[in-house]
Amino acid sequence: MADTQVAEMWPVPKFHFVVNVDGTEISFQEVSGLDQETDIMEYRDGDSPVFSTIKQPGLVKFTNIVCKKGIYQGDARLTDLFQALIKDKARYHNQARMEIKIQLLDELAAPVITWTARNCFPVKMQGTDLKSDASEVSIETIEFAIEGLEAEYA
């Protein structure tokens with residue numbers, strides 16, 4: 001894409017997104033952890049005339065996805081996801097794990113980027129903090145371990 005075309009476009013804001021956890025759309029306030037990195041493997045032969053190592057890419061690592069949402073009366077979906085792990089750990093050991101899709105949307109609600117996280121399972125559930133002098137919305141947090149992350153641009 002030419003630089004002149006980029007200058008005529010606007011960057012996509014990050015506040016309009018949709019999250020689908022294992023087939024269920026859940027409204028979140030915040031999603032983080034769409035990170036990937038690779039280890040660096042260093043090696044040097046003992047008889048190499050160069051006094052430095054060679055570097056090559058190693059294993060790919062994915063950070064956990066962290067999702068935060070407001071607590072609504074009667075909405076126990078996140079707690080239910082985590083409780084399912086506690087009650088049926090065999091499901092997660094047998095690779096019957098979840099898929100999470102996160103879509104960044106444009107002003108017409110069309111997907112701009114779709115991230116698909118594979119082989120996910122919940123690893124942490126955090127309830128809200130309580131303060132008697134605060135006028136804030138109560139937020140719950142769930143964290144998912146993932147084994148793969150793909151990004152598809154529209």
# chains A, B, ... in the order shown; residues from 1 in each chain; ligands from 1

call {"tool": "residues_around", "arguments": {"residues": "region 121-124 of chain A", "least_positions_apart": "6", "cutoff": "12 Å", "atoms": "only C-alpha atoms", "output": "VMD selection string"}}
result
chain A and resid 21 to 22 64 to 68 78 to 86 88 to 100 140 to 148

call {"tool": "write_last_selection", "arguments": {"atoms": "N, CA and C atoms", "output": "tab-separated table (two decimals), in the first residue's frame"}}
result
chain	number	residue	atom	x	y	z
A	21	VAL	N	-16.54	-16.43	22.88
A	21	VAL	CA	-15.84	-17.45	23.66
A	21	VAL	C	-16.57	-18.78	23.50
A	22	ASP	N	-15.95	-19.68	22.76
A	22	ASP	CA	-16.49	-21.03	22.56
A	22	ASP	C	-17.93	-21.00	22.05
A	64	ASN	N	-1.13	-15.00	27.86
A	64	ASN	CA	-2.52	-15.28	28.21
A	64	ASN	C	-3.41	-14.11	27.78
A	65	ILE	N	-4.62	-14.44	27.38
A	65	ILE	CA	-5.60	-13.41	27.05
A	65	ILE	C	-6.38	-13.07	28.32
A	66	VAL	N	-6.45	-11.79	28.63
A	66	VAL	CA	-7.15	-11.32	29.82
A	66	VAL	C	-8.37	-10.52	29.38
A	67	CYS	N	-9.54	-10.91	29.88
A	67	CYS	CA	-10.80	-10.26	29.52
A	67	CYS	C	-11.47	-9.72	30.77
A	68	LYS	N	-11.92	-8.45	30.70
A	68	LYS	CA	-12.58	-7.81	31.83
A	68	LYS	C	-13.97	-7.34	31.41
A	78	LEU	N	-18.87	-16.12	33.16
A	78	LEU	CA	-17.44	-16.27	33.39
A	78	LEU	C	-17.16	-17.24	34.53
A	79	THR	N	-17.93	-17.11	35.59
A	79	THR	CA	-17.79	-18.04	36.71
A	79	THR	C	-18.08	-19.47	36.27
A	80	ASP	N	-19.11	-19.63	35.44
A	80	ASP	CA	-19.45	-20.96	34.93
A	80	ASP	C	-18.32	-21.55	34.09
A	81	LEU	N	-17.66	-20.71	33.27
A	81	LEU	CA	-16.52	-21.19	32.47
A	81	LEU	C	-15.41	-21.71	33.36
A	82	PHE	N	-15.11	-20.95	34.42
A	82	PHE	CA	-14.03	-21.37	35.31
A	82	PHE	C	-14.43	-22.59	36.14
A	83	GLN	N	-15.67	-22.62	36.60
A	83	GLN	CA	-16.14	-23.76	37.39
A	83	GLN	C	-16.15	-25.04	36.56
A	84	ALA	N	-16.40	-24.93	35.25
A	84	ALA	CA	-16.36	-26.10	34.38
A	84	ALA	C	-14.96	-26.70	34.36
A	85	LEU	N	-13.94	-25.86	34.42
A	85	LEU	CA	-12.56	-26.35	34.48
A	85	LEU	C	-12.34	-27.14	35.76
A	86	ILE	N	-12.82	-26.61	36.87
A	86	ILE	CA	-12.62	-27.28	38.16
A	86	ILE	C	-13.36	-28.61	38.19
A	88	ASP	N	-14.47	-30.47	35.54
A	88	ASP	CA	-14.21	-31.41	34.45
A	88	ASP	C	-12.83	-31.16	33.85
A	89	LYS	N	-11.79	-31.35	34.66
A	89	LYS	CA	-10.43	-31.13	34.16
A	89	LYS	C	-10.08	-32.08	33.03
A	90	ALA	N	-10.71	-33.24	32.99
A	90	ALA	CA	-10.42	-34.20	31.93
A	90	ALA	C	-10.73	-33.61	30.56
A	91	ARG	N	-11.72	-32.74	30.48
A	91	ARG	CA	-12.06	-32.11	29.20
A	91	ARG	C	-10.86	-31.34	28.64
A	92	TYR	N	-10.15	-30.65	29.50
A	92	TYR	CA	-9.03	-29.84	29.06
A	92	TYR	C	-7.77	-30.67	28.82
A	93	HIS	N	-7.65	-31.80	29.51
A	93	HIS	CA	-6.51	-32.69	29.27
A	93	HIS	C	-6.67	-33.45	27.96
A	94	ASN	N	-7.89	-33.67	27.53
A	94	ASN	CA	-8.16	-34.42	26.29
A	94	ASN	C	-8.25	-33.52	25.07
A	95	GLN	N	-7.77	-32.30	25.16
A	95	GLN	CA	-7.70	-31.35	24.04
A	95	GLN	C	-9.05	-30.86	23.56
A	96	ALA	N	-10.13	-31.07	24.28
A	96	ALA	CA	-11.42	-30.51	23.90
A	96	ALA	C	-11.51	-29.11	24.51
A	97	ARG	N	-10.71	-28.22	23.98
A	97	ARG	CA	-10.61	-26.88	24.55
A	97	ARG	C	-11.43	-25.88	23.77
A	98	MET	N	-11.41	-24.65	24.23
A	98	MET	CA	-12.22	-23.59	23.63
A	98	MET	C	-11.48	-22.87	22.52
A	99	GLU	N	-12.28	-22.17	21.71
A	99	GLU	CA	-11.74	-21.24	20.72
A	99	GLU	C	-12.30	-19.87	21.06
A	100	ILE	N	-11.44	-18.86	21.02
A	100	ILE	CA	-11.86	-17.49	21.30
A	100	ILE	C	-11.60	-16.66	20.05
A	140	GLU	N	-15.28	-7.97	36.74
A	140	GLU	CA	-14.70	-9.29	36.94
A	140	GLU	C	-13.74	-9.57	35.80
A	141	THR	N	-12.74	-10.40	36.07
A	141	THR	CA	-11.69	-10.67	35.11
A	141	THR	C	-11.50	-12.17	34.96
A	142	ILE	N	-11.31	-12.60	33.71
A	142	ILE	CA	-10.98	-14.00	33.45
A	142	ILE	C	-9.76	-14.02	32.54
A	143	GLU	N	-8.88	-14.97	32.79
A	143	GLU	CA	-7.65	-15.10	32.02
A	143	GLU	C	-7.61	-16.48	31.38
A	144	PHE	N	-7.26	-16.51	30.09
A	144	PHE	CA	-7.22	-17.75	29.34
A	144	PHE	C	-5.80	-18.05	28.87
A	145	ALA	N	-5.34	-19.28	29.07
A	145	ALA	CA	-4.12	-19.75	28.45
A	145	ALA	C	-4.47	-20.15	27.02
A	146	ILE	N	-3.58	-19.85	26.08
A	146	ILE	CA	-3.84	-20.20	24.69
A	146	ILE	C	-2.62	-20.90	24.11
A	147	GLU	N	-2.84	-21.69	23.06
A	147	GLU	CA	-1.73	-22.39	22.41
A	147	GLU	C	-1.53	-21.96	20.96
A	148	GLY	N	-2.29	-20.99	20.50
A	148	GLY	CA	-2.11	-20.50	19.14
A	148	GLY	C	-2.92	-19.24	18.95

call {"tool": "select_by_dssp", "arguments": {"residues": "chain A", "states": "strand (DSSP E or B)", "output": "PyMOL selection string"}}
result
chain A and resi 17-21+24-26+30-32+36-43+54-62+65-70+98-105+111-126+139-145+148-153

call {"tool": "closest_residue", "arguments": {"among": "A:Val31, A:Ala151, A:Ile54, A:Val19", "to": "Ile113 (chain A)", "atoms": "only C-alpha atoms"}}
result
A:Ala151

call {"tool": "select_by_dssp", "arguments": {"residues": "chain A", "states": "alpha helix (DSSP H)", "output": "number ranges by chain"}}
result
A: 3-8, 77-87, 89-93

call {"tool": "write_last_selection", "arguments": {"atoms": "N, CA and C atoms", "output": "compact mmCIF listing (two decimals), in the first residue's frame"}}
result
# COMPACT_ATOMS: atom_id res chain seq x y z
N ASP A 3 2.26 5.03 0.50
CA ASP A 3 2.15 5.95 1.64
C ASP A 3 1.03 6.97 1.43
N THR A 4 0.77 7.36 0.19
CA THR A 4 -0.30 8.33 -0.05
C THR A 4 -1.66 7.74 0.28
N GLN A 5 -1.82 6.44 0.05
CA GLN A 5 -3.09 5.80 0.41
C GLN A 5 -3.26 5.73 1.92
N VAL A 6 -2.19 5.44 2.63
CA VAL A 6 -2.24 5.37 4.09
C VAL A 6 -2.58 6.74 4.67
N ALA A 7 -2.04 7.81 4.08
CA ALA A 7 -2.29 9.15 4.59
C ALA A 7 -3.76 9.54 4.45
N GLU A 8 -4.47 8.97 3.49
CA GLU A 8 -5.88 9.29 3.28
C GLU A 8 -6.81 8.47 4.17
N ARG A 77 -21.73 -16.21 33.52
CA ARG A 77 -21.06 -16.93 32.43
C ARG A 77 -19.56 -17.13 32.68
N LEU A 78 -18.87 -16.12 33.16
CA LEU A 78 -17.44 -16.27 33.39
C LEU A 78 -17.16 -17.24 34.53
N THR A 79 -17.93 -17.11 35.59
CA THR A 79 -17.79 -18.04 36.71
C THR A 79 -18.08 -19.47 36.27
N ASP A 80 -19.11 -19.63 35.44
CA ASP A 80 -19.45 -20.96 34.93
C ASP A 80 -18.32 -21.55 34.09
N LEU A 81 -17.66 -20.71 33.27
CA LEU A 81 -16.52 -21.19 32.47
C LEU A 81 -15.41 -21.71 33.36
N PHE A 82 -15.11 -20.95 34.42
CA PHE A 82 -14.03 -21.37 35.31
C PHE A 82 -14.43 -22.59 36.14
N GLN A 83 -15.67 -22.62 36.60
CA GLN A 83 -16.14 -23.76 37.39
C GLN A 83 -16.15 -25.04 36.56
N ALA A 84 -16.40 -24.93 35.25
CA ALA A 84 -16.36 -26.10 34.38
C ALA A 84 -14.96 -26.70 34.36
N LEU A 85 -13.94 -25.86 34.42
CA LEU A 85 -12.56 -26.35 34.48
C LEU A 85 -12.34 -27.14 35.76
N ILE A 86 -12.82 -26.61 36.87
CA ILE A 86 -12.62 -27.28 38.16
C ILE A 86 -13.36 -28.61 38.19
N LYS A 87 -14.58 -28.63 37.66
CA LYS A 87 -15.41 -29.84 37.72
C LYS A 87 -15.03 -30.89 36.69
N LYS A 89 -11.79 -31.35 34.66
CA LYS A 89 -10.43 -31.13 34.16
C LYS A 89 -10.08 -32.08 33.03
N ALA A 90 -10.71 -33.24 32.99
CA ALA A 90 -10.42 -34.20 31.93
C ALA A 90 -10.73 -33.61 30.56
N ARG A 91 -11.72 -32.74 30.48
CA ARG A 91 -12.06 -32.11 29.20
C ARG A 91 -10.86 -31.34 28.64
N TYR A 92 -10.15 -30.65 29.50
CA TYR A 92 -9.03 -29.84 29.06
C TYR A 92 -7.77 -30.67 28.82
N HIS A 93 -7.65 -31.80 29.51
CA HIS A 93 -6.51 -32.69 29.27
C HIS A 93 -6.67 -33.45 27.96

call {"tool": "atom_distance", "arguments": {"atom1": "CA of Gly70 (chain A)", "atom2": "CA of Ser27 (chain A)"}}
result
8.7 Å

call {"tool": "closest_residue", "arguments": {"among": "A:Ala154, A:Gly127, A:Thr116, A:Ser135", "to": "Asn20 (chain A)", "atoms": "only C-alpha atoms"}}
result
A:Thr116

call {"tool": "atom_distance", "arguments": {"atom1": "CA of Ser138 (chain A)", "atom2": "CA of Leu105 (chain A)"}}
result
25.6 Å

call {"tool": "residues_around", "arguments": {"residues": "Ser52 (chain A)", "least_positions_apart": "4", "cutoff": "10 Å", "atoms": "only C-alpha atoms", "output": "NGL selection string"}}
result
:A and (42-45 or 48)

call {"tool": "atom_distance", "arguments": {"atom1": "CA of Arg118 (chain A)", "atom2": "CA of Glu150 (chain A)"}}
result
8.4 Å

call {"tool": "closest_residue", "arguments": {"among": "A:Gly46, A:Lys131, A:Gln103, A:Glu136", "to": "Tyr153 (chain A)", "atoms": "only C-alpha atoms"}}
result
A:Gln103

call {"tool": "closest_residue", "arguments": {"among": "A:Glu152, A:Glu37, A:Glu25, A:Asp133", "to": "Thr63 (chain A)", "atoms": "only C-alpha atoms"}}
result
A:Glu37
